[in-house]
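Next comes work00.csv, a file with CSV, C-alpha atoms.
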chain,number,residue,atom,x,y,z
A,1,MET,CA,47.8,63.2,94.9
A,2,LEU,CA,51.6,62.7,95.2
A,3,LEU,CA,51.7,60.5,92.1
A,4,THR,CA,49.7,63.1,90.1
A,5,PHE,CA,52.2,65.8,91.1
A,6,VAL,CA,55.1,63.5,90.0
A,7,LYS,CA,53.4,63.0,86.7
A,8,MET,CA,52.9,66.8,86.3
A,9,GLY,CA,56.5,67.4,87.2
A,10,SER,CA,57.7,64.8,84.6
A,11,ASP,CA,55.6,66.4,81.9
A,12,THR,CA,56.6,70.0,82.6
A,13,GLY,CA,60.2,69.3,83.6
A,14,THR,CA,59.8,71.4,86.8
A,15,SER,CA,58.3,71.3,90.2
A,16,PHE,CA,57.7,75.0,90.6
A,17,TYR,CA,54.2,76.4,90.7
A,18,ASP,CA,54.8,78.9,88.0
A,19,GLY,CA,56.0,76.2,85.7
A,20,TYR,CA,52.6,74.4,86.0
A,21,THR,CA,50.6,77.5,85.4
A,22,ASN,CA,52.6,78.6,82.3
A,23,HIS,CA,53.0,75.2,80.7
A,24,SER,CA,50.5,73.3,78.5
A,25,ALA,CA,52.1,69.9,78.4
A,26,PHE,CA,49.2,68.2,80.1
A,27,THR,CA,46.3,70.0,78.5
A,28,GLY,CA,45.0,66.8,77.0
A,29,LEU,CA,44.9,65.1,80.4
A,30,GLN,CA,43.4,68.0,82.4
A,31,GLU,CA,40.1,66.2,83.0
A,32,LEU,CA,41.8,63.1,84.3
A,33,ILE,CA,44.2,65.0,86.5
A,34,TRP,CA,41.4,67.2,87.7
A,35,ILE,CA,39.3,64.3,88.8
A,36,ILE,CA,42.2,62.6,90.6
A,37,LEU,CA,43.1,65.8,92.5
A,38,PHE,CA,39.4,66.5,93.1
A,39,VAL,CA,39.0,63.1,94.9
A,40,SER,CA,42.0,63.8,97.0
A,41,PHE,CA,40.9,67.3,98.0
A,42,SER,CA,37.3,66.0,98.6
A,43,VAL,CA,38.6,63.5,101.2
A,44,LYS,CA,40.5,66.4,102.9
A,45,THR,CA,37.4,68.7,102.9
A,46,PRO,CA,35.5,66.3,103.2
A,47,LEU,CA,32.6,65.9,100.8
A,48,ILE,CA,29.9,63.2,100.5
A,49,PRO,CA,30.5,60.3,100.0
A,50,VAL,CA,34.2,60.4,101.3
A,51,HIS,CA,33.3,61.9,104.6
A,52,ILE,CA,33.1,59.0,107.0
A,53,TRP,CA,36.6,59.6,108.5
A,54,LEU,CA,35.9,63.1,109.9
A,55,PRO,CA,33.2,62.2,112.5
A,56,LEU,CA,35.2,59.2,113.6
A,57,ALA,CA,38.4,61.3,113.9
A,58,HIS,CA,36.7,63.9,115.9
A,59,SER,CA,35.0,61.5,118.2
A,60,ASP,CA,38.3,59.6,118.9
A,61,ALA,CA,40.6,62.6,119.0
A,62,ASN,CA,41.3,64.8,122.0
A,63,VAL,CA,40.3,68.5,122.1
A,64,SER,CA,43.5,69.8,120.7
A,65,GLY,CA,43.3,67.3,117.8
A,66,SER,CA,39.8,68.4,117.0
A,67,ILE,CA,40.7,72.1,117.1
A,68,ILE,CA,43.6,71.6,114.7
A,69,LEU,CA,41.5,69.4,112.4
A,70,ALA,CA,38.6,71.9,112.3
A,71,SER,CA,40.5,75.1,112.1
A,72,ILE,CA,43.5,74.2,109.9
A,73,VAL,CA,43.4,70.9,108.2
A,74,LEU,CA,40.0,71.3,106.6
A,75,LYS,CA,41.0,74.7,105.2
A,76,LEU,CA,43.9,73.2,103.3
A,77,ALA,CA,41.5,71.6,100.9
A,78,LEU,CA,39.9,75.0,100.3
A,79,TYR,CA,43.4,76.3,99.5
A,80,GLY,CA,44.0,73.4,97.2
A,81,PHE,CA,40.8,73.8,95.3
A,82,ILE,CA,41.6,77.5,94.6
A,83,ARG,CA,45.3,77.3,94.1
A,84,ILE,CA,45.6,74.1,92.1
A,85,LEU,CA,42.3,73.1,90.5
A,86,ILE,CA,41.1,76.5,89.5
A,87,ALA,CA,44.5,78.2,88.8
A,88,ILE,CA,46.2,75.4,86.9
A,89,PHE,CA,43.4,73.3,85.4
A,90,PHE,CA,41.1,76.1,84.5
A,91,PHE,CA,39.8,74.4,81.3
A,92,ALA,CA,38.8,71.3,83.1
A,93,THR,CA,37.3,73.4,85.9
A,94,MET,CA,35.1,75.2,83.4
A,95,ARG,CA,33.8,71.9,82.0
A,96,LEU,CA,33.4,70.1,85.4
A,97,THR,CA,32.0,72.9,87.5
A,98,PRO,CA,28.3,71.8,87.2
A,99,PHE,CA,29.3,68.3,88.5
A,100,PHE,CA,31.2,69.8,91.4
A,101,LEU,CA,28.4,72.2,92.4
A,102,GLY,CA,25.9,69.4,92.3
A,103,LEU,CA,28.1,67.3,94.6
A,104,CYS,CA,28.5,70.2,97.0
A,105,SER,CA,24.7,70.8,97.2
A,106,MET,CA,24.2,67.1,97.8
A,107,SER,CA,26.8,67.2,100.6
A,108,VAL,CA,25.1,70.2,102.2
A,109,VAL,CA,21.6,68.6,102.4
A,110,TYR,CA,22.8,65.1,103.3
A,111,SER,CA,25.2,66.2,106.1
A,112,SER,CA,22.7,68.6,107.5
A,113,PHE,CA,20.0,66.0,107.8
A,114,THR,CA,22.6,63.6,109.3
A,115,THR,CA,23.5,66.2,111.8
A,116,ILE,CA,20.0,66.5,113.1
A,117,ARG,CA,19.8,62.9,114.2
A,118,GLN,CA,23.1,62.8,116.0
A,119,PHE,CA,23.2,62.2,119.8
A,120,ASP,CA,27.0,62.7,120.3
A,121,LEU,CA,27.9,66.4,120.7
A,122,LYS,CA,31.3,66.1,119.0
A,123,VAL,CA,30.0,64.1,116.1
A,124,LEU,CA,27.2,66.6,115.7
A,125,VAL,CA,29.7,69.5,115.4
A,126,ALA,CA,31.8,67.4,113.0
A,127,TYR,CA,28.8,66.8,110.6
A,128,SER,CA,28.0,70.4,110.8
A,129,SER,CA,31.5,71.2,109.6
A,130,ILE,CA,30.9,69.0,106.5
A,131,ALA,CA,27.8,71.1,105.7
A,132,HIS,CA,29.6,74.4,106.2
A,133,MET,CA,32.6,73.5,104.1
A,134,ALA,CA,30.4,72.3,101.3
A,135,SER,CA,28.6,75.6,101.4
A,136,SER,CA,31.9,77.4,101.3
A,137,LEU,CA,33.0,75.4,98.2
A,138,LEU,CA,29.8,76.5,96.4
A,139,GLY,CA,31.2,80.0,96.4
A,140,THR,CA,34.7,78.8,95.5
A,141,PHE,CA,33.5,77.4,92.1
A,142,SER,CA,31.0,80.2,91.4
A,143,ASP,CA,33.4,82.1,89.2
A,144,THR,CA,32.6,85.4,90.9
A,145,ILE,CA,34.8,87.6,93.1
A,146,TYR,CA,32.2,87.8,95.9
A,147,GLY,CA,31.8,84.0,95.8
A,148,LEU,CA,35.5,83.5,96.2
A,149,VAL,CA,35.8,86.2,98.9
A,150,GLY,CA,32.8,84.7,100.7
A,151,SER,CA,34.3,81.2,100.7
A,152,ILE,CA,37.5,82.5,102.3
A,153,ILE,CA,35.5,84.5,104.9
A,154,PHE,CA,33.3,81.5,105.6
A,155,GLY,CA,36.4,79.3,106.0
A,156,LEU,CA,37.9,81.7,108.5
A,157,ALA,CA,34.7,82.1,110.4
A,158,HIS,CA,34.3,78.4,110.6
A,159,GLY,CA,37.9,78.2,111.9
A,160,PHE,CA,36.8,80.4,114.8
A,161,VAL,CA,33.4,79.0,115.6
A,162,SER,CA,34.0,75.3,115.3
A,163,PRO,CA,37.0,75.1,117.6
A,164,GLY,CA,35.0,77.1,120.2
A,165,LEU,CA,32.2,74.5,120.1
A,166,PHE,CA,34.8,71.7,120.4
A,167,ILE,CA,36.3,73.4,123.4
A,168,ILE,CA,32.9,73.7,125.1
A,169,VAL,CA,31.9,70.2,124.2
A,170,GLY,CA,35.2,68.4,124.8
A,171,ALA,CA,37.1,70.5,127.3
A,172,VAL,CA,34.4,71.9,129.5
A,173,LEU,CA,31.3,69.6,129.5
A,174,TYR,CA,33.2,66.3,129.0
A,175,ASP,CA,35.9,67.1,131.6
A,176,ARG,CA,33.2,68.0,134.2
A,177,CYS,CA,30.6,65.4,133.5
A,178,GLY,CA,32.4,62.6,131.6
A,179,SER,CA,29.9,62.3,128.8
A,180,ARG,CA,29.2,63.7,125.3
A,181,ILE,CA,25.7,62.2,125.0
A,182,ILE,CA,23.1,64.9,124.5
A,183,ASN,CA,20.4,63.0,126.6
A,184,TYR,CA,22.8,63.1,129.6
A,185,TYR,CA,22.5,66.9,129.8
A,186,ARG,CA,19.6,69.1,130.5
A,187,GLY,CA,19.0,72.5,132.3
A,188,LEU,CA,22.6,73.7,132.2
A,189,ASN,CA,21.5,77.4,132.0
A,190,GLY,CA,20.5,77.4,135.6
A,191,LEU,CA,23.7,75.8,136.8
A,192,LEU,CA,26.2,77.3,134.3
A,193,PRO,CA,24.8,80.6,133.2
A,194,PHE,CA,28.0,82.2,131.8
A,195,LEU,CA,28.9,79.0,129.9
A,196,GLY,CA,25.4,79.0,128.5
A,197,LEU,CA,25.9,82.5,127.2
A,198,LEU,CA,29.1,81.8,125.5
A,199,PHE,CA,27.6,78.5,124.1
A,200,LEU,CA,24.7,80.5,122.7
A,201,ILE,CA,26.9,83.0,120.9
A,202,LEU,CA,28.9,80.2,119.3
A,203,VAL,CA,25.7,78.4,118.3
A,204,PHE,CA,24.5,81.6,116.7
A,205,GLY,CA,27.7,81.7,114.8
A,206,ASN,CA,27.3,78.1,113.7
A,207,MET,CA,23.8,79.0,112.5
A,208,GLY,CA,25.1,81.9,110.5
A,209,VAL,CA,23.2,84.6,112.3
A,210,PRO,CA,23.8,88.2,111.1
A,211,LEU,CA,26.7,90.1,112.7
A,212,THR,CA,28.8,86.9,112.6
A,213,GLY,CA,31.4,86.0,110.1
A,214,ASN,CA,29.5,82.8,109.1
A,215,PHE,CA,26.6,85.0,107.9
A,216,MET,CA,28.8,87.1,105.7
A,217,GLY,CA,30.7,84.1,104.3
A,218,GLU,CA,27.6,82.0,103.7
A,219,PHE,CA,25.6,84.9,102.2
A,220,LEU,CA,28.4,85.8,99.7
A,221,SER,CA,29.0,82.1,98.8
A,222,LEU,CA,25.4,81.5,98.1
A,223,LEU,CA,25.2,84.8,96.2
A,224,GLY,CA,28.0,83.7,93.9
A,225,ALA,CA,26.5,80.2,93.5
A,226,TYR,CA,23.2,81.9,92.5
A,227,GLN,CA,25.0,83.7,89.7
A,228,GLN,CA,26.4,80.3,88.5
A,229,ASN,CA,23.3,78.1,88.9
A,230,MET,CA,20.0,79.2,90.5
A,231,PHE,CA,18.8,75.7,91.1
A,232,ILE,CA,21.9,74.5,92.9
A,233,ALA,CA,22.0,77.7,94.9
A,234,SER,CA,18.4,77.1,96.0
A,235,ILE,CA,19.4,73.6,97.2
A,236,GLY,CA,22.5,74.9,99.0
A,237,ALA,CA,20.4,77.6,100.6
A,238,LEU,CA,18.6,74.8,102.6
A,239,SER,CA,21.6,74.8,104.8
A,240,ILE,CA,20.4,78.1,106.3
A,241,ILE,CA,17.2,76.4,107.6
A,242,LEU,CA,18.8,73.1,108.5
A,243,SER,CA,21.7,74.7,110.4
A,244,ALA,CA,19.2,76.6,112.5
A,245,VAL,CA,17.3,73.4,113.1
A,246,TYR,CA,20.1,71.2,114.4
A,247,SER,CA,21.8,74.1,116.2
A,248,ILE,CA,18.8,75.3,118.2
A,249,PHE,CA,17.6,71.7,118.7
A,250,MET,CA,21.0,70.8,120.3
A,251,TYR,CA,21.2,74.0,122.4
A,252,ASN,CA,17.7,73.5,123.8
A,253,ARG,CA,18.3,69.9,124.7
A,254,VAL,CA,21.5,70.7,126.5
A,255,THR,CA,20.7,73.9,128.3
A,256,SER,CA,16.9,74.3,128.7
A,257,GLY,CA,14.4,72.6,131.0
A,258,SER,CA,14.9,71.2,134.4
A,259,LEU,CA,18.3,70.1,135.6
A,260,SER,CA,19.3,66.6,134.6
A,261,PRO,CA,19.3,64.0,137.4
A,262,TYR,CA,22.8,62.8,136.2
A,263,ILE,CA,24.4,66.2,136.9
A,264,HIS,CA,25.1,67.6,140.3
A,265,THR,CA,27.0,70.7,141.4
A,266,ILE,CA,29.6,71.5,138.8
A,267,PRO,CA,31.6,74.8,138.5
A,268,ASP,CA,31.0,77.3,135.9
A,269,ILE,CA,33.5,78.2,133.2
A,270,PHE,CA,37.0,78.9,134.5
A,271,ARG,CA,39.1,81.9,133.8
A,272,LYS,CA,41.6,80.1,131.5
A,273,GLU,CA,38.7,78.6,129.5
A,274,TYR,CA,37.2,82.1,129.1
A,275,TYR,CA,40.5,83.5,127.9
A,276,ILE,CA,40.5,80.8,125.2
A,277,LEU,CA,36.9,81.3,124.1
A,278,ALA,CA,36.8,85.1,124.2
A,279,PRO,CA,39.2,85.7,121.3
A,280,LEU,CA,37.4,83.2,119.1
A,281,ILE,CA,34.0,84.9,119.8
A,282,LEU,CA,35.5,88.4,119.4
A,283,LEU,CA,37.1,87.6,116.0
A,284,THR,CA,33.8,86.0,114.8
A,285,ILE,CA,31.8,89.1,115.6
A,286,ILE,CA,34.5,91.5,114.1
A,287,LEU,CA,34.5,89.4,110.9
A,288,GLY,CA,30.7,89.7,110.8
A,289,ILE,CA,30.6,93.4,111.4
A,290,TYR,CA,33.6,94.6,109.4
A,291,PRO,CA,34.8,91.9,107.0
A,292,GLY,CA,36.7,94.6,105.0
A,293,PHE,CA,39.9,94.1,106.9
A,294,ILE,CA,40.1,90.7,105.3
A,295,SER,CA,38.3,91.1,102.0
A,296,GLY,CA,40.1,94.3,101.1
A,297,ASP,CA,43.5,92.5,101.1
A,298,ILE,CA,42.4,89.4,99.2
A,299,GLU,CA,40.1,90.7,96.5
A,300,PHE,CA,42.8,91.6,94.1
A,301,GLY,CA,44.6,88.3,94.6
A,302,LEU,CA,41.5,86.2,94.2
A,303,SER,CA,40.6,88.1,91.0
A,304,ASN,CA,43.4,86.2,89.3
A,305,PHE,CA,41.5,82.9,89.9
A,306,LEU,CA,38.3,83.9,87.9
A,307,LEU,CA,37.9,81.6,85.0
A,308,ILE,CA,36.9,84.4,82.6
A,309,GLY,CA,39.6,87.0,83.1
A,310,GLY,CA,42.9,87.1,81.2
A,311,ILE,CA,42.7,83.4,80.3
A,312,PRO,CA,42.7,82.5,76.5
A,313,ILE,CA,39.5,80.6,76.0
A,314,LYS,CA,38.9,79.1,72.6
A,315,SER,CA,35.1,79.2,72.7
A,316,SER,CA,33.7,82.0,70.5
A,317,SER,CA,30.7,82.5,72.7
A,318,VAL,CA,32.8,83.0,75.7
A,319,ASN,CA,35.1,85.3,73.8
A,320,ASN,CA,32.0,87.3,72.8
A,321,LYS,CA,31.0,87.5,76.4
A,322,LEU,CA,34.5,88.6,77.4
A,323,ASN,CA,34.5,91.3,74.7
A,324,ILE,CA,31.1,92.5,75.9
A,325,LYS,CA,32.4,92.6,79.5
A,326,CYS,CA,35.5,94.5,78.4
A,327,ASP,CA,33.4,97.1,76.5
A,328,ILE,CA,31.1,97.5,79.5
A,329,CYS,CA,34.1,98.0,81.8
A,330,LYS,CA,35.6,100.5,79.4
A,331,ASN,CA,32.4,102.5,79.2
A,332,LEU,CA,32.1,102.4,83.0
A,333,VAL,CA,35.7,103.7,83.4
A,334,ILE,CA,35.1,106.5,80.9
A,335,GLN,CA,31.9,107.5,82.7
A,336,LEU,CA,33.6,107.4,86.0
A,337,VAL,CA,36.5,109.6,84.8
A,338,THR,CA,34.2,112.1,83.2
A,339,ASN,CA,32.1,112.3,86.3
A,340,LEU,CA,35.2,112.7,88.5
A,341,SER,CA,36.5,115.5,86.2
A,342,LYS,CA,33.1,117.3,86.3
A,343,MET,CA,33.1,117.0,90.1
A,344,ALA,CA,36.6,118.3,90.4
A,345,GLN,CA,35.8,121.2,88.0
A,346,GLY,CA,32.7,122.0,90.1
A,347,ILE,CA,34.7,122.0,93.3
A,348,PHE,CA,37.3,124.2,91.7
A,349,THR,CA,34.8,126.7,90.5
A,350,ASN,CA,33.1,126.8,93.8
A,351,LYS,CA,36.4,127.5,95.5
A,352,ILE,CA,37.1,130.3,93.1
A,353,LYS,CA,33.6,131.8,93.8
A,354,LYS,CA,34.2,131.5,97.5
A,355,ARG,CA,37.5,133.2,97.2
A,356,LYS,CA,36.0,136.0,95.2
A,357,VAL,CA,33.3,136.6,97.8
A,358,SER,CA,35.8,136.5,100.6
A,359,ASN,CA,38.1,139.0,98.8
A,360,TYR,CA,35.1,141.3,98.2
A,361,ILE,CA,34.1,141.2,101.8
A,362,PHE,CA,37.7,141.8,102.9
A,363,GLU,CA,37.9,144.9,100.5
A,364,ILE,CA,34.7,146.3,102.0
A,365,MET,CA,36.0,145.9,105.5
A,366,ASN,CA,39.3,147.6,104.6
A,367,ARG,CA,37.4,150.5,103.1
A,368,LYS,CA,35.5,151.0,106.3
Translate the structure described by the file into structure tokens.
Amino acid sequence: MLLTFVKMGSDTGTSFYDGYTNHSAFTGLQELIWIILFVSFSVKTPLIPVHIWLPLAHSDANVSGSIILASIVLKLALYGFIRILIAIFFFATMRLTPFFLGLCSMSVVYSSFTTIRQFDLKVLVAYSSIAHMASSLLGTFSDTIYGLVGSIIFGLAHGFVSPGLFIIVGAVLYDRCGSRIINYYRGLNGLLPFLGLLFLILVFGNMGVPLTGNFMGEFLSLLGAYQQNMFIASIGALSIILSAVYSIFMYNRVTSGSLSPYIHTIPDIFRKEYYILAPLILLTIILGIYPGFISGDIEFGLSNFLLIGGIPIKSSSVNNKLNIKCDICKNLVIQLVTNLSKMAQGIFTNKIKKRKVSNYIFEIMNRK
């Protein structure tokens, strides 16, 4: 990635972002540069088949490292895809988008099936992060405003839910029992009821249940991917079913049934742990109920990253589509203005009529 940026700087004569977007010195090498940066960002995301490092890093890292990795580091790749690949190399992105969407759908299915068979709790949450980030990238490359907004919301929601799960798995259960193996736990709802409730809410968020930010982000991402390619969106939609399978399966094995013979009397969640988990759960629910406080501020900025919108495209068919879209927008604006003028005129006439009636009544009262 660094060598690619050095090459771009030597071709353009600048290292500023605006110089890359306004310069056409590397138009002939866009596909090659795009593929190199794509591999770099795919490792950071990660996508299949360059994903092996993430489960190992989560299993070996402490809780704080897992939280930073899940909430911040993985989202840098999302930023790189939007800010660099789509914004700078838009011609290469248009040509290579089907390949990218196919790889994302494969990552969703493969990582979801791999998550089902995991027995380590931290590794299970790590593999679920791979599936969720791949679903988010389906909306990123959908070339629709709701797909882009959905990918950002999904990334934010994942940054709230996944650290909460890592805190419960690594900071609560592991500190109390000394193990992350799922078969070690059973029947925790009877012993730790309040922890089981918080764990259930975070599992619902990981599944993408309605009224959570994951649901809004995943729904908008898949909706945008459906507009791009219906077949790939259908494959990506399997994540809805598979995420419910591995999340419920994990929660039932850990919390349901009779108490495990390996677990004795352990305390429920402490106050400091509750103060850490409560904001994450609250933000996840707020993002699912009212995502407008995020989407309203980013929609205009993300509209600049649409591939068909203000970008000079040489293809005549795409130009025809762009002209058709512009004519439709003009007609819609004209209809909207005329309807608003009619509404304003009607409101004004109604006010005049009301004033005439009130003046007439006032005159009658004065006569009396």
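Going from CA of Pro267 (chain A) to CA of Cys177 (chain A) covers 10.7 Å.
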From A:Ser179, A:Ser295, A:Thr144, A:Ser260, residue lying nearest Gly213 (chain A) [all atoms listed in the file]: A:Ser295
Per residue of region 124-209 of chain A within 8 Å of region 101-108 of chain A, what are the shortest atom pair and its distance in Å to one decimal, counting only C-alpha atoms, with rows by chain and residue number, as a tab-separated table?
residue	atom	partner	partner_atom	distance
A:Ile130	CA	A:Val108	CA	7.3
A:Ala131	CA	A:Val108	CA	4.5
A:His132	CA	A:Val108	CA	7.3
A:Ala134	CA	A:Cys104	CA	5.1
A:Ser135	CA	A:Val108	CA	6.5
A:Leu137	CA	A:Cys104	CA	7.0
A:Leu138	CA	A:Leu101	CA	6.0
A:Phe141	CA	A:Leu101	CA	7.3
Protein/DNA/RNA residues near (39.1, 86.3, 106.0), cut 9 Å, only C-alpha atoms, as a short mmCIF file (atom, residue, chain, number, x, y, z; two decimals) with C-alpha atoms, in the frame of the given file:
data_model
loop_
_atom_site.label_atom_id
_atom_site.label_comp_id
_atom_site.auth_asym_id
_atom_site.auth_seq_id
_atom_site.Cartn_x
_atom_site.Cartn_y
_atom_site.Cartn_z
CA VAL A 149 35.80 86.20 98.90
CA GLY A 150 32.80 84.70 100.70
CA SER A 151 34.30 81.20 100.70
CA ILE A 152 37.50 82.50 102.30
CA ILE A 153 35.50 84.50 104.90
CA PHE A 154 33.30 81.50 105.60
CA GLY A 155 36.40 79.30 106.00
CA LEU A 156 37.90 81.70 108.50
CA ALA A 157 34.70 82.10 110.40
CA GLY A 213 31.40 86.00 110.10
CA GLY A 217 30.70 84.10 104.30
CA LEU A 287 34.50 89.40 110.90
CA PRO A 291 34.80 91.90 107.00
CA GLY A 292 36.70 94.60 105.00
CA PHE A 293 39.90 94.10 106.90
CA ILE A 294 40.10 90.70 105.30
CA SER A 295 38.30 91.10 102.00
CA ILE A 298 42.40 89.40 99.20
#
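Between Leu200 (chain A) and the candidates A:Ser221, A:Ser243, A:Gln228, A:Asn252, the tightest atom-to-atom separation, counting all atoms listed in the file, involves A:Asn252.
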Could you state the separation of CA of Ile84 (chain A) and CA of Tyr17 (chain A) in Å, given to one decimal place? 9.0 Å
Point out the residue among A:Arg186, A:Ser128, A:Val254, A:Ile86 with the least atom-to-atom distance to Ser303 (chain A), counting all atoms listed in the file.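 With all atoms listed in the file as the atom set, the closest residue is A:Ile86.
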For Glu31 (chain A), work out the shell of residues within 7 Å, counting all atoms listed in the file and skipping chain neighbours fewer than 3 positions away, then give it as a PyMOL selection string. chain A and resi 34-35+92
Env of Ile182 (chain A): 7 Å cut, atoms = all atoms listed in the file, seq-sep filter 5 positions within chain, self excluded. Answer as a short mmCIF file (atom, residue, chain, number, x, y, z; two decimals) with C-alpha atoms, in the frame of the given file.
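Result file is out.cif:
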data_model
loop_
_atom_site.label_atom_id
_atom_site.label_comp_id
_atom_site.auth_asym_id
_atom_site.auth_seq_id
_atom_site.Cartn_x
_atom_site.Cartn_y
_atom_site.Cartn_z
CA PHE A 119 23.20 62.20 119.80
CA ASP A 120 27.00 62.70 120.30
CA LEU A 121 27.90 66.40 120.70
CA ARG A 253 18.30 69.90 124.70
CA VAL A 254 21.50 70.70 126.50
#
